[in-house]
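Structure data (compact mmCIF, C-alpha atoms) from run35.txt:
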# COMPACT_ATOMS: atom_id res chain seq x y z
CA MET A 1 -38.16 -35.75 -57.21
CA VAL A 2 -37.38 -35.84 -60.92
CA GLN A 3 -36.82 -39.47 -61.65
CA ALA A 4 -37.02 -38.65 -65.35
CA VAL A 5 -33.54 -37.13 -65.45
CA PRO A 6 -31.39 -39.56 -67.39
CA ARG A 7 -28.10 -40.23 -65.64
CA SER A 8 -26.71 -41.54 -68.89
CA LEU A 9 -26.53 -37.93 -70.06
CA GLY A 10 -23.82 -37.29 -67.53
CA SER A 11 -20.94 -36.82 -69.96
CA TYR A 12 -20.42 -34.63 -73.00
CA GLY A 13 -18.53 -37.21 -74.96
CA PRO A 14 -14.93 -38.25 -75.48
CA VAL A 15 -13.70 -35.07 -77.19
CA LEU A 16 -14.70 -32.83 -74.32
CA GLN A 17 -13.17 -35.27 -71.82
CA GLU A 18 -9.93 -35.18 -73.79
CA ILE A 19 -9.96 -31.38 -73.83
CA GLU A 20 -10.62 -31.30 -70.09
CA GLN A 21 -7.70 -33.67 -69.55
CA ALA A 22 -5.49 -31.51 -71.77
CA LEU A 23 -6.45 -28.42 -69.76
CA LEU A 24 -5.50 -30.17 -66.52
CA SER A 25 -2.21 -31.33 -67.96
CA THR A 26 0.95 -29.35 -67.18
CA GLN A 27 1.94 -29.63 -70.84
CA CYS A 28 -1.31 -28.25 -72.22
CA ASN A 29 -1.09 -25.98 -75.24
CA LEU A 30 -3.50 -24.80 -77.90
CA SER A 31 -2.33 -27.31 -80.48
CA THR A 32 -3.11 -30.19 -78.07
CA ILE A 33 -6.67 -28.86 -77.82
CA GLY A 34 -6.85 -28.41 -81.59
CA ASP A 35 -5.63 -31.98 -82.13
CA ALA A 36 -8.30 -33.33 -79.75
CA ILE A 37 -11.06 -31.48 -81.62
CA GLN A 38 -9.85 -32.58 -85.04
CA LYS A 39 -10.38 -36.23 -84.06
CA ASP A 40 -14.09 -35.48 -84.53
CA PRO A 41 -14.55 -34.25 -88.13
CA ASP A 42 -18.19 -33.34 -87.56
CA LEU A 43 -17.31 -31.19 -84.54
CA THR A 44 -14.43 -29.61 -86.49
CA ALA A 45 -16.78 -28.63 -89.32
CA ARG A 46 -19.35 -27.21 -86.88
CA LEU A 47 -16.75 -25.15 -85.04
CA LEU A 48 -15.30 -23.70 -88.22
CA ARG A 49 -18.76 -22.87 -89.60
CA LEU A 50 -19.62 -21.12 -86.35
CA ALA A 51 -16.26 -19.35 -86.09
CA ASN A 52 -16.76 -17.93 -89.60
CA SER A 53 -20.37 -16.88 -89.02
CA PRO A 54 -21.73 -13.42 -88.08
CA PHE A 55 -22.08 -14.83 -84.53
CA PHE A 56 -18.41 -13.95 -83.99
CA GLY A 57 -17.98 -11.49 -86.83
CA PHE A 58 -14.25 -11.98 -87.52
CA ALA A 59 -13.04 -10.00 -90.52
CA ASN A 60 -10.76 -12.78 -91.82
CA ARG A 61 -11.80 -16.30 -92.63
CA LEU A 62 -10.60 -18.95 -90.17
CA SER A 63 -9.54 -22.10 -91.97
CA THR A 64 -8.05 -24.28 -89.23
CA VAL A 65 -9.14 -25.46 -85.80
CA ALA A 66 -5.89 -24.08 -84.35
CA GLU A 67 -6.85 -20.58 -85.58
CA ALA A 68 -10.36 -20.97 -84.18
CA VAL A 69 -9.05 -22.13 -80.78
CA SER A 70 -6.55 -19.27 -80.51
CA LEU A 71 -9.06 -16.60 -81.57
CA LEU A 72 -12.15 -17.86 -79.74
CA GLY A 73 -10.37 -19.07 -76.60
CA ILE A 74 -10.58 -22.42 -74.87
CA GLN A 75 -13.57 -21.49 -72.73
CA GLN A 76 -15.70 -20.59 -75.74
CA ILE A 77 -14.61 -23.72 -77.55
CA GLN A 78 -15.67 -25.81 -74.53
CA ASP A 79 -19.04 -24.04 -74.45
CA MET A 80 -19.61 -24.72 -78.14
CA ILE A 81 -18.71 -28.39 -77.72
CA VAL A 82 -21.10 -28.69 -74.79
CA ALA A 83 -23.86 -27.09 -76.86
CA SER A 84 -23.14 -29.31 -79.84
CA SER A 85 -23.01 -32.45 -77.69
CA VAL A 86 -26.32 -31.71 -75.97
CA LEU A 87 -28.00 -31.48 -79.35
CA GLU A 88 -26.62 -34.93 -80.15
CA GLN A 89 -27.86 -36.42 -76.85
CA PHE A 90 -31.52 -35.72 -77.60
CA LYS A 91 -31.59 -36.82 -81.23
CA GLY A 92 -33.78 -39.83 -80.50
CA VAL A 93 -36.60 -37.96 -78.74
CA PRO A 94 -39.87 -38.54 -80.62
CA ASP A 95 -41.47 -35.61 -82.51
CA HIS A 96 -45.00 -36.40 -81.20
CA PHE A 97 -45.59 -33.25 -79.18
CA VAL A 98 -42.69 -30.99 -80.07
CA ASN A 99 -40.99 -30.69 -83.44
CA LYS A 100 -37.29 -31.05 -82.59
CA ASP A 101 -36.02 -28.78 -85.37
CA SER A 102 -38.37 -26.09 -84.14
CA PHE A 103 -37.32 -26.80 -80.54
CA TRP A 104 -33.60 -26.35 -81.29
CA ARG A 105 -34.27 -23.31 -83.47
CA HIS A 106 -36.04 -21.70 -80.50
CA SER A 107 -33.27 -22.80 -78.12
CA LEU A 108 -30.46 -21.50 -80.36
CA ALA A 109 -32.27 -18.18 -80.80
CA VAL A 110 -32.72 -17.82 -77.01
CA GLY A 111 -28.99 -18.59 -76.64
CA ILE A 112 -28.07 -15.98 -79.25
CA THR A 113 -30.39 -13.39 -77.69
CA ALA A 114 -29.15 -14.06 -74.14
CA ARG A 115 -25.57 -13.60 -75.34
CA LEU A 116 -26.46 -10.37 -77.17
CA LEU A 117 -28.25 -9.01 -74.07
CA ALA A 118 -25.23 -9.91 -71.92
CA MET A 119 -22.88 -8.23 -74.40
CA GLU A 120 -25.05 -5.11 -74.56
CA ARG A 121 -24.97 -4.96 -70.74
CA HIS A 122 -21.17 -5.62 -70.78
CA LEU A 123 -21.55 -8.67 -68.54
CA PRO A 124 -18.46 -10.89 -68.20
CA LYS A 125 -18.33 -14.14 -70.20
CA PRO A 126 -21.34 -13.53 -72.48
CA ASP A 127 -20.87 -16.95 -74.09
CA LYS A 128 -21.98 -18.63 -70.87
CA PHE A 129 -25.34 -16.99 -71.49
CA PHE A 130 -25.47 -18.59 -74.91
CA VAL A 131 -25.23 -22.03 -73.31
CA ALA A 132 -27.77 -21.11 -70.60
CA GLY A 133 -30.19 -19.88 -73.27
CA LEU A 134 -29.57 -22.92 -75.43
CA LEU A 135 -30.38 -25.27 -72.54
CA HIS A 136 -33.19 -23.29 -70.87
CA ASP A 137 -35.95 -25.67 -72.03
CA VAL A 138 -33.92 -28.90 -72.09
CA GLY A 139 -36.07 -30.20 -69.20
CA ARG A 140 -38.93 -30.49 -71.65
CA LEU A 141 -36.89 -32.84 -73.86
CA VAL A 142 -35.95 -34.93 -70.82
CA LEU A 143 -39.64 -35.23 -70.00
CA LEU A 144 -40.47 -36.31 -73.56
CA ALA A 145 -37.55 -38.76 -73.67
CA GLN A 146 -37.99 -40.36 -70.27
CA ALA A 147 -41.63 -39.97 -69.27
CA ALA A 148 -43.71 -40.19 -72.43
CA GLU A 149 -46.98 -41.04 -70.62
CA SER A 150 -46.70 -38.07 -68.29
CA ALA A 151 -45.77 -35.86 -71.24
CA GLN A 152 -48.91 -37.01 -73.07
CA ALA A 153 -51.08 -36.13 -70.05
CA VAL A 154 -49.39 -32.71 -69.84
CA PHE A 155 -49.96 -31.90 -73.50
CA GLU A 156 -53.57 -33.10 -73.43
CA LEU A 157 -54.36 -30.89 -70.44
CA TYR A 158 -52.54 -27.92 -71.97
CA GLN A 159 -54.42 -28.19 -75.28
CA ARG A 160 -57.79 -28.81 -73.63
CA GLU A 161 -57.58 -25.97 -71.11
CA ARG A 162 -55.52 -23.48 -73.24
CA MET A 163 -53.15 -22.86 -70.39
CA LEU A 164 -49.41 -22.17 -70.26
CA LEU A 165 -47.49 -25.40 -70.84
CA ARG A 166 -45.50 -25.03 -67.63
CA ASP A 167 -48.74 -24.67 -65.63
CA ALA A 168 -49.93 -27.95 -67.17
CA GLU A 169 -46.60 -29.57 -66.23
CA LYS A 170 -46.99 -28.42 -62.63
CA LYS A 171 -50.60 -29.61 -62.47
CA ILE A 172 -49.80 -33.11 -63.77
CA LEU A 173 -46.28 -33.67 -62.40
CA GLY A 174 -46.05 -31.34 -59.41
CA TYR A 175 -42.96 -29.70 -60.94
CA ASP A 176 -42.06 -28.21 -64.31
CA HIS A 177 -39.37 -28.34 -67.01
CA GLN A 178 -37.27 -25.72 -65.18
CA GLN A 179 -36.71 -28.06 -62.23
CA ILE A 180 -35.99 -31.03 -64.49
CA ALA A 181 -33.35 -28.99 -66.37
CA ALA A 182 -31.84 -27.74 -63.11
CA GLU A 183 -31.39 -31.29 -61.86
CA LEU A 184 -29.86 -32.41 -65.16
CA LEU A 185 -27.42 -29.49 -65.27
CA GLN A 186 -26.46 -30.03 -61.63
CA SER A 187 -25.68 -33.64 -62.45
CA TRP A 188 -23.38 -32.29 -65.19
CA SER A 189 -21.62 -30.06 -62.61
CA TYR A 190 -22.81 -27.04 -64.54
CA PRO A 191 -21.84 -23.71 -62.86
CA PRO A 192 -24.39 -22.97 -60.09
CA VAL A 193 -25.14 -19.44 -61.31
CA LEU A 194 -26.22 -20.73 -64.69
CA VAL A 195 -28.16 -23.64 -63.15
CA GLN A 196 -30.07 -20.87 -61.36
CA ALA A 197 -30.54 -18.96 -64.63
CA VAL A 198 -32.15 -22.02 -66.23
CA ALA A 199 -34.04 -23.12 -63.10
CA PHE A 200 -35.80 -19.75 -62.77
CA HIS A 201 -36.10 -18.52 -66.33
CA HIS A 202 -39.88 -18.11 -65.91
CA SER A 203 -39.65 -16.56 -62.44
CA PRO A 204 -36.30 -14.73 -62.31
CA ALA A 205 -37.24 -12.73 -59.21
CA GLN A 206 -37.13 -15.99 -57.21
CA SER A 207 -33.59 -16.85 -58.29
CA VAL A 208 -30.52 -16.14 -56.19
CA ALA A 209 -28.82 -15.27 -59.51
CA LYS A 210 -31.39 -12.64 -60.49
CA LEU A 211 -29.39 -10.98 -63.24
CA GLU A 212 -28.51 -14.24 -65.03
CA ALA A 213 -32.09 -15.54 -64.73
CA ALA A 214 -33.38 -12.17 -65.99
CA VAL A 215 -31.22 -12.40 -69.12
CA VAL A 216 -32.60 -15.85 -70.05
CA HIS A 217 -36.16 -14.79 -69.11
CA ILE A 218 -36.07 -11.72 -71.39
CA ALA A 219 -34.39 -13.66 -74.20
CA ASP A 220 -37.12 -16.35 -74.02
CA HIS A 221 -39.88 -13.73 -74.17
CA LEU A 222 -38.28 -11.86 -77.06
CA VAL A 223 -37.58 -14.96 -79.16
CA SER A 224 -41.08 -16.35 -78.53
CA ALA A 225 -42.56 -13.01 -79.62
CA MET A 226 -40.32 -13.03 -82.72
CA GLY A 227 -41.80 -16.43 -83.52
CA ILE A 228 -38.44 -18.19 -84.00
CA GLY A 229 -39.08 -21.90 -83.42
CA SER A 230 -41.04 -23.28 -80.48
CA SER A 231 -40.38 -25.51 -77.50
CA GLY A 232 -44.01 -26.60 -77.51
CA GLU A 233 -45.53 -23.56 -75.80
CA GLN A 234 -48.44 -22.06 -77.74
CA PHE A 235 -48.30 -18.66 -76.03
CA ILE A 236 -45.58 -16.02 -75.75
CA PRO A 237 -44.55 -16.37 -72.09
CA PRO A 238 -45.27 -13.26 -70.01
CA LEU A 239 -42.41 -10.83 -69.36
CA ASP A 240 -41.75 -9.92 -65.74
CA GLU A 241 -40.92 -6.18 -65.93
CA ARG A 242 -38.81 -6.53 -62.77
CA ALA A 243 -36.40 -8.66 -64.83
CA TRP A 244 -36.04 -5.83 -67.34
CA ASN A 245 -35.25 -3.45 -64.47
CA VAL A 246 -32.68 -5.90 -63.06
CA LEU A 247 -31.02 -6.13 -66.48
CA GLY A 248 -30.87 -2.34 -66.60
CA LEU A 249 -30.94 -1.86 -70.38
CA SER A 250 -32.75 0.94 -72.15
CA PRO A 251 -35.62 -0.17 -74.44
CA GLU A 252 -33.72 1.75 -77.14
CA ALA A 253 -31.33 -1.22 -77.26
CA LEU A 254 -34.12 -3.53 -78.45
CA PRO A 255 -34.20 -2.72 -82.22
CA LYS A 256 -30.47 -3.43 -82.52
CA ILE A 257 -30.82 -6.71 -80.63
CA ILE A 258 -33.81 -7.87 -82.70
CA GLU A 259 -31.91 -7.08 -85.90
CA ALA A 260 -28.81 -8.97 -84.68
CA VAL A 261 -30.87 -12.04 -83.68
CA ASP A 262 -32.40 -12.18 -87.16
CA GLU A 263 -28.92 -11.87 -88.68
CA GLN A 264 -27.24 -14.50 -86.49
CA ILE A 265 -29.88 -17.22 -86.22
CA LEU A 266 -29.46 -18.51 -89.78
CA ALA A 267 -25.67 -18.83 -89.48
CA VAL A 268 -25.75 -20.43 -86.02
CA GLU A 269 -28.51 -22.81 -87.07
CA GLU A 270 -26.36 -23.79 -90.05
CA ALA A 271 -23.39 -24.48 -87.75
CA PHE A 272 -25.27 -26.51 -85.16
CA LEU A 273 -28.11 -28.23 -86.94
CA LYS A 274 -26.64 -29.16 -90.32
CA ASN A 275 -24.53 -32.27 -90.72
CA GLU A 276 -22.43 -31.88 -93.84
CA ASN A 277 -19.94 -34.58 -92.87
CA ARG A 278 -22.50 -37.24 -92.20
CA PRO A 279 -23.19 -39.74 -94.96
CA ARG A 280 -26.59 -38.94 -96.44
CA PRO A 281 -29.18 -41.72 -96.54
CA MET B 1 -35.24 8.22 -90.87
CA ILE B 2 -34.37 10.55 -93.75
CA VAL B 3 -31.40 12.90 -93.45
CA ALA B 4 -32.56 16.51 -94.03
CA ARG B 5 -29.11 18.14 -94.34
CA ASP B 6 -25.73 16.78 -95.52
CA VAL B 7 -23.77 15.07 -92.71
CA LYS B 8 -20.07 15.96 -92.76
CA ASN B 9 -17.13 15.05 -90.56
CA ILE B 10 -14.96 17.56 -88.71
CA ASP B 11 -12.85 18.08 -91.85
CA GLY B 12 -15.91 18.92 -93.94
CA MET B 13 -15.89 15.60 -95.79
CA LEU B 14 -19.36 14.47 -96.81
CA LEU B 15 -20.44 11.35 -94.93
CA VAL B 16 -24.14 11.15 -95.83
CA PRO B 17 -25.95 13.36 -98.35
CA SER B 18 -29.35 14.87 -97.56
CA GLY B 19 -32.33 12.77 -98.63
CA CYS B 20 -30.58 9.53 -97.71
CA GLU B 21 -32.44 7.04 -95.49
CA LEU B 22 -30.46 5.83 -92.48
CA SER B 23 -30.81 2.49 -90.70
CA GLU B 24 -30.23 2.06 -86.94
CA ARG B 25 -26.89 0.45 -87.69
CA GLN B 26 -25.77 3.33 -89.92
CA ILE B 27 -26.70 5.76 -87.15
CA ASP B 28 -24.53 3.74 -84.76
CA ILE B 29 -21.63 3.94 -87.22
CA LEU B 30 -22.06 7.71 -87.56
CA GLN B 31 -21.99 8.00 -83.76
CA ALA B 32 -18.79 5.95 -83.71
CA TRP B 33 -17.34 8.49 -86.20
CA GLY B 34 -18.12 11.25 -83.74
CA VAL B 35 -21.31 12.61 -85.32
CA ALA B 36 -23.25 13.86 -82.30
CA GLU B 37 -26.39 15.12 -84.08
CA LEU B 38 -28.01 15.26 -87.49
CA GLU B 39 -31.11 16.84 -88.99
CA VAL B 40 -33.85 14.52 -90.20
CA GLU B 41 -37.07 14.94 -92.17
CA ALA B 42 -40.02 15.42 -89.85
CA GLY B 43 -43.61 14.17 -90.31
CA GLY B 44 -45.72 14.72 -93.42
CA GLU B 45 -46.15 12.51 -96.45
CA MET B 46 -42.43 11.74 -96.65
CA ALA B 47 -42.40 10.29 -93.14
CA GLN B 48 -45.54 8.31 -93.87
CA ALA B 49 -43.95 6.90 -97.02
CA HIS B 50 -41.13 5.47 -94.89
CA ASP B 51 -43.30 4.16 -92.06
CA PRO B 52 -43.83 0.45 -92.85
CA LEU B 53 -47.04 0.32 -90.83
CA ALA B 54 -48.49 3.27 -92.75
CA GLN B 55 -47.73 1.53 -96.03
CA LEU B 56 -49.70 -1.62 -95.19
CA PRO B 57 -53.31 -1.82 -96.35
CA PRO B 58 -55.55 -1.29 -93.27
CA GLU B 59 -56.94 -4.84 -93.42
CA THR B 60 -53.42 -6.33 -93.56
CA LEU B 61 -52.31 -4.20 -90.61
CA ALA B 62 -55.40 -5.30 -88.66
CA ARG B 63 -54.67 -8.95 -89.47
CA VAL B 64 -50.98 -8.94 -88.46
CA THR B 65 -51.81 -6.98 -85.29
CA ALA B 66 -54.50 -9.51 -84.34
CA GLU B 67 -52.21 -12.46 -85.16
CA LEU B 68 -49.36 -11.17 -83.01
CA ARG B 69 -51.70 -10.18 -80.19
CA GLY B 70 -53.36 -13.59 -80.29
CA ARG B 71 -50.05 -15.30 -79.52
CA TYR B 72 -49.63 -13.46 -76.21
CA TRP B 73 -50.67 -14.86 -72.88
CA LYS B 74 -52.97 -12.20 -71.35
CA PRO B 75 -52.17 -9.36 -73.82
CA ASP B 76 -54.39 -6.96 -71.83
CA GLU B 77 -51.87 -7.03 -69.00
CA PHE B 78 -48.98 -5.58 -71.05
CA GLY B 79 -46.43 -3.42 -69.23
CA PRO B 80 -44.37 -0.77 -71.05
CA VAL B 81 -41.52 -3.10 -72.13
CA PRO B 82 -43.72 -5.83 -73.70
CA ALA B 83 -45.68 -2.99 -75.36
CA GLU B 84 -42.44 -1.65 -76.87
CA ILE B 85 -41.45 -5.16 -78.02
CA PHE B 86 -44.92 -5.62 -79.54
CA LYS B 87 -44.54 -2.36 -81.50
CA LEU B 88 -41.07 -3.32 -82.78
CA LEU B 89 -42.24 -6.77 -83.87
CA LEU B 90 -45.21 -5.29 -85.69
CA LEU B 91 -42.76 -3.07 -87.59
CA ARG B 92 -40.55 -6.10 -88.30
CA GLN B 93 -43.52 -8.01 -89.67
CA ALA B 94 -44.61 -5.03 -91.81
CA ARG B 95 -41.09 -4.73 -93.30
CA ARG B 96 -41.15 -8.45 -94.14
CA ILE B 97 -44.50 -8.13 -95.91
CA LEU B 98 -43.35 -5.05 -97.85
CA ARG B 99 -39.95 -6.49 -98.78
CA PRO B 100 -39.83 -7.19 -102.52
CA PRO B 101 -39.42 -10.91 -103.35
CA LEU B 102 -35.85 -11.98 -104.21
Could I get this file's structure written as structure tokens?
Amino acid sequence: MVQAVPRSLGSYGPVLQEIEQALLSTQCNLSTIGDAIQKDPDLTARLLRLANSPFFGFANRLSTVAEAVSLLGIQQIQDMIVASSVLEQFKGVPDHFVNKDSFWRHSLAVGITARLLAMERHLPKPDKFFVAGLLHDVGRLVLLAQAAESAQAVFELYQRERMLLRDAEKKILGYDHQQIAAELLQSWSYPPVLVQAVAFHHSPAQSVAKLEAAVVHIADHLVSAMGIGSSGEQFIPPLDERAWNVLGLSPEALPKIIEAVDEQILAVEEAFLKNENRPRP
Amino acid sequence: MIVARDVKNIDGMLLVPSGCELSERQIDILQAWGVAELEVEAGGEMAQAHDPLAQLPPETLARVTAELRGRYWKPDEFGPVPAEIFKLLLLRQARRILRPPL
């Protein structure tokens, strides 16, 4: 179906592989993980910036990777590396139709919001929702990277007819960015529940993981309405009220969440999108 | 909201004096300290003075409302939750406009 999915994106890079190997090893300890991360200075800087940001809200400053690993936990560290690596993978995608900075700003904000919603609802492993939110529109980047002519036809139709971008995708391609992302994430052996969350973020009622899909769906609506970045869509996607009911939060939680998103986005953007260690041109 | 009467803890220690404006976060902190209820100023000119939407010139309020509404897909089909989000984002935008420049 989706021939556009690039198989070359099947690995997250050597550091993650090394961490995975360390986790499988019988002699694994936190310093082994820390050592693996420190081989990549850029990743080290990103992790420390993130660990010291309001995203985690630790009272004391973390100055070493070992401290970050022990306080954040290996699972969170893996999630952050995955997120960071995915950003790297799509660096070369042209800016013709979607501004990439704006795209990642939107994606990071959806990740932050999904995590905050999950935390507010006391769902287990809220950081998984950050990754699901971060990657929810990655299918659109795959389309731009691998099928530029189809992407052009999609964007022309969408601008001409003033329709939702995903409806234009379906009309031209027969499928949309949700299915492309689902196939990519499956090829990465991404957990099935979160593949479902990404695959049905516009129609969470159709997902077998309704709660997870509802979290990403609501986060996408909220961030689009807040106007934080854009993944190319000109309209705020409609909110399915059934998703809100599935999530089971009171609307009284919304002001606190909106305030926290505004507070966290700048710090997280700084951690993920800035490259202090790279030589400047 | 504006506190109408001093807020004290169980030992009588003053936590927030009357006349002080509280943010959502400060209210959360007070709840964490065990403050179950507090008296706030109601209605009138004082309330209007602290309502960001009431402080915007009518033409500015009309413009930001139209701009936000124009970004929605089928805004006439709003349910209660998108309507609540719309109201909160209008307030957010009004606060941004009213915020003094740094």
**OP:** Enumerate as an MDAnalysis selection string the residues belonging to chain A that approach chain B to within 12 Å, with all atoms listed in the file taken into account.
**Re:** chainID A and resid 162:165 218:219 221:227 233:245 249:260 262
For the contact check between region 71-119 of chain A and region 30-54 of chain A, emit one row per residue of region 71-119 of chain A within 12 Å, containing the shortest atom pair and the distance in Å rounded to one decimal, counting all atoms listed in the file, chain then rising number order, as JSON lines.
{"residue": "A:Leu71", "atom": "CA", "partner": "A:Ala51", "partner_atom": "CA", "distance": 8.9}
{"residue": "A:Leu72", "atom": "CA", "partner": "A:Ala51", "partner_atom": "CA", "distance": 7.7}
{"residue": "A:Gly73", "atom": "CA", "partner": "A:Leu30", "partner_atom": "CA", "distance": 9.0}
{"residue": "A:Ile74", "atom": "CA", "partner": "A:Leu30", "partner_atom": "CA", "distance": 8.1}
{"residue": "A:Gln75", "atom": "CA", "partner": "A:Ile33", "partner_atom": "CA", "distance": 11.3}
{"residue": "A:Gln76", "atom": "CA", "partner": "A:Leu47", "partner_atom": "CA", "distance": 10.4}
{"residue": "A:Ile77", "atom": "CA", "partner": "A:Leu47", "partner_atom": "CA", "distance": 7.9}
{"residue": "A:Gln78", "atom": "CA", "partner": "A:Ile33", "partner_atom": "CA", "distance": 10.1}
{"residue": "A:Asp79", "atom": "CA", "partner": "A:Leu47", "partner_atom": "CA", "distance": 10.9}
{"residue": "A:Met80", "atom": "CA", "partner": "A:Leu47", "partner_atom": "CA", "distance": 7.5}
{"residue": "A:Ile81", "atom": "CA", "partner": "A:Leu43", "partner_atom": "CA", "distance": 7.5}
{"residue": "A:Val82", "atom": "CA", "partner": "A:Leu43", "partner_atom": "CA", "distance": 10.8}
{"residue": "A:Ala83", "atom": "CA", "partner": "A:Leu43", "partner_atom": "CA", "distance": 10.9}
{"residue": "A:Ser84", "atom": "CA", "partner": "A:Leu43", "partner_atom": "CA", "distance": 7.7}
{"residue": "A:Ser85", "atom": "CA", "partner": "A:Leu43", "partner_atom": "CA", "distance": 9.0}
{"residue": "A:Leu87", "atom": "CA", "partner": "A:Leu43", "partner_atom": "CA", "distance": 11.9}
{"residue": "A:Glu88", "atom": "CA", "partner": "A:Leu43", "partner_atom": "CA", "distance": 11.0}
{"residue": "A:Ile112", "atom": "CA", "partner": "A:Pro54", "partner_atom": "CA", "distance": 11.2}
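With distances restricted to all atoms listed in the file, B:Leu53 is the closest residue to Arg96 (chain B) from B:Leu22, B:Leu53, B:Leu38, B:Val7.
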**OP:** Scan for residues within 7 Å of the point (-51.6, -32.9, -65.1) in the coordinates of the file, using only C-alpha atoms, and reply as a VMD selection string.
**Re:** chain A and resid 153 to 154 157 168 to 173
Preceding selection exported with C-alpha atoms as a short mmCIF file (atom, residue, chain, number, x, y, z; two decimals), keeping the file's coordinate frame:
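selection.cif, written as the output of this step:
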data_model
loop_
_atom_site.label_atom_id
_atom_site.label_comp_id
_atom_site.auth_asym_id
_atom_site.auth_seq_id
_atom_site.Cartn_x
_atom_site.Cartn_y
_atom_site.Cartn_z
CA ALA A 153 -51.08 -36.13 -70.05
CA VAL A 154 -49.39 -32.71 -69.84
CA LEU A 157 -54.36 -30.89 -70.44
CA ALA A 168 -49.93 -27.95 -67.17
CA GLU A 169 -46.60 -29.57 -66.23
CA LYS A 170 -46.99 -28.42 -62.63
CA LYS A 171 -50.60 -29.61 -62.47
CA ILE A 172 -49.80 -33.11 -63.77
CA LEU A 173 -46.28 -33.67 -62.40
#
Subject >> Between CA of Gly133 (chain A) and CA of Val216 (chain A) - distance in Å to one decimal >> reply: 5.7 Å
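Distance-wise, CA of Asp95 (chain A) and CA of Gly232 (chain A) end up 10.6 Å apart.
With distances taken from (-39.8, -17.5, -58.1) and restricted to all atoms listed in the file, the residues inside 12 Å are Gln178, Gln179, Gln196, Ala197, Ala199, Phe200, His201, His202, Ser203, Pro204, Ala205, Gln206, Ser207, Val208, Ala209, Lys210, Ala213, Ala214, His217, Asp240, Arg242 and Ala243 of chain A.
The environment of region 180-182 of chain A within 6 Å, counting only C-alpha atoms and disregarding residues fewer than 2 places along the same chain, consists of Val138, Gly139, His177, Gln178, Leu184, Leu185, Val195 and Ala199 of chain A.
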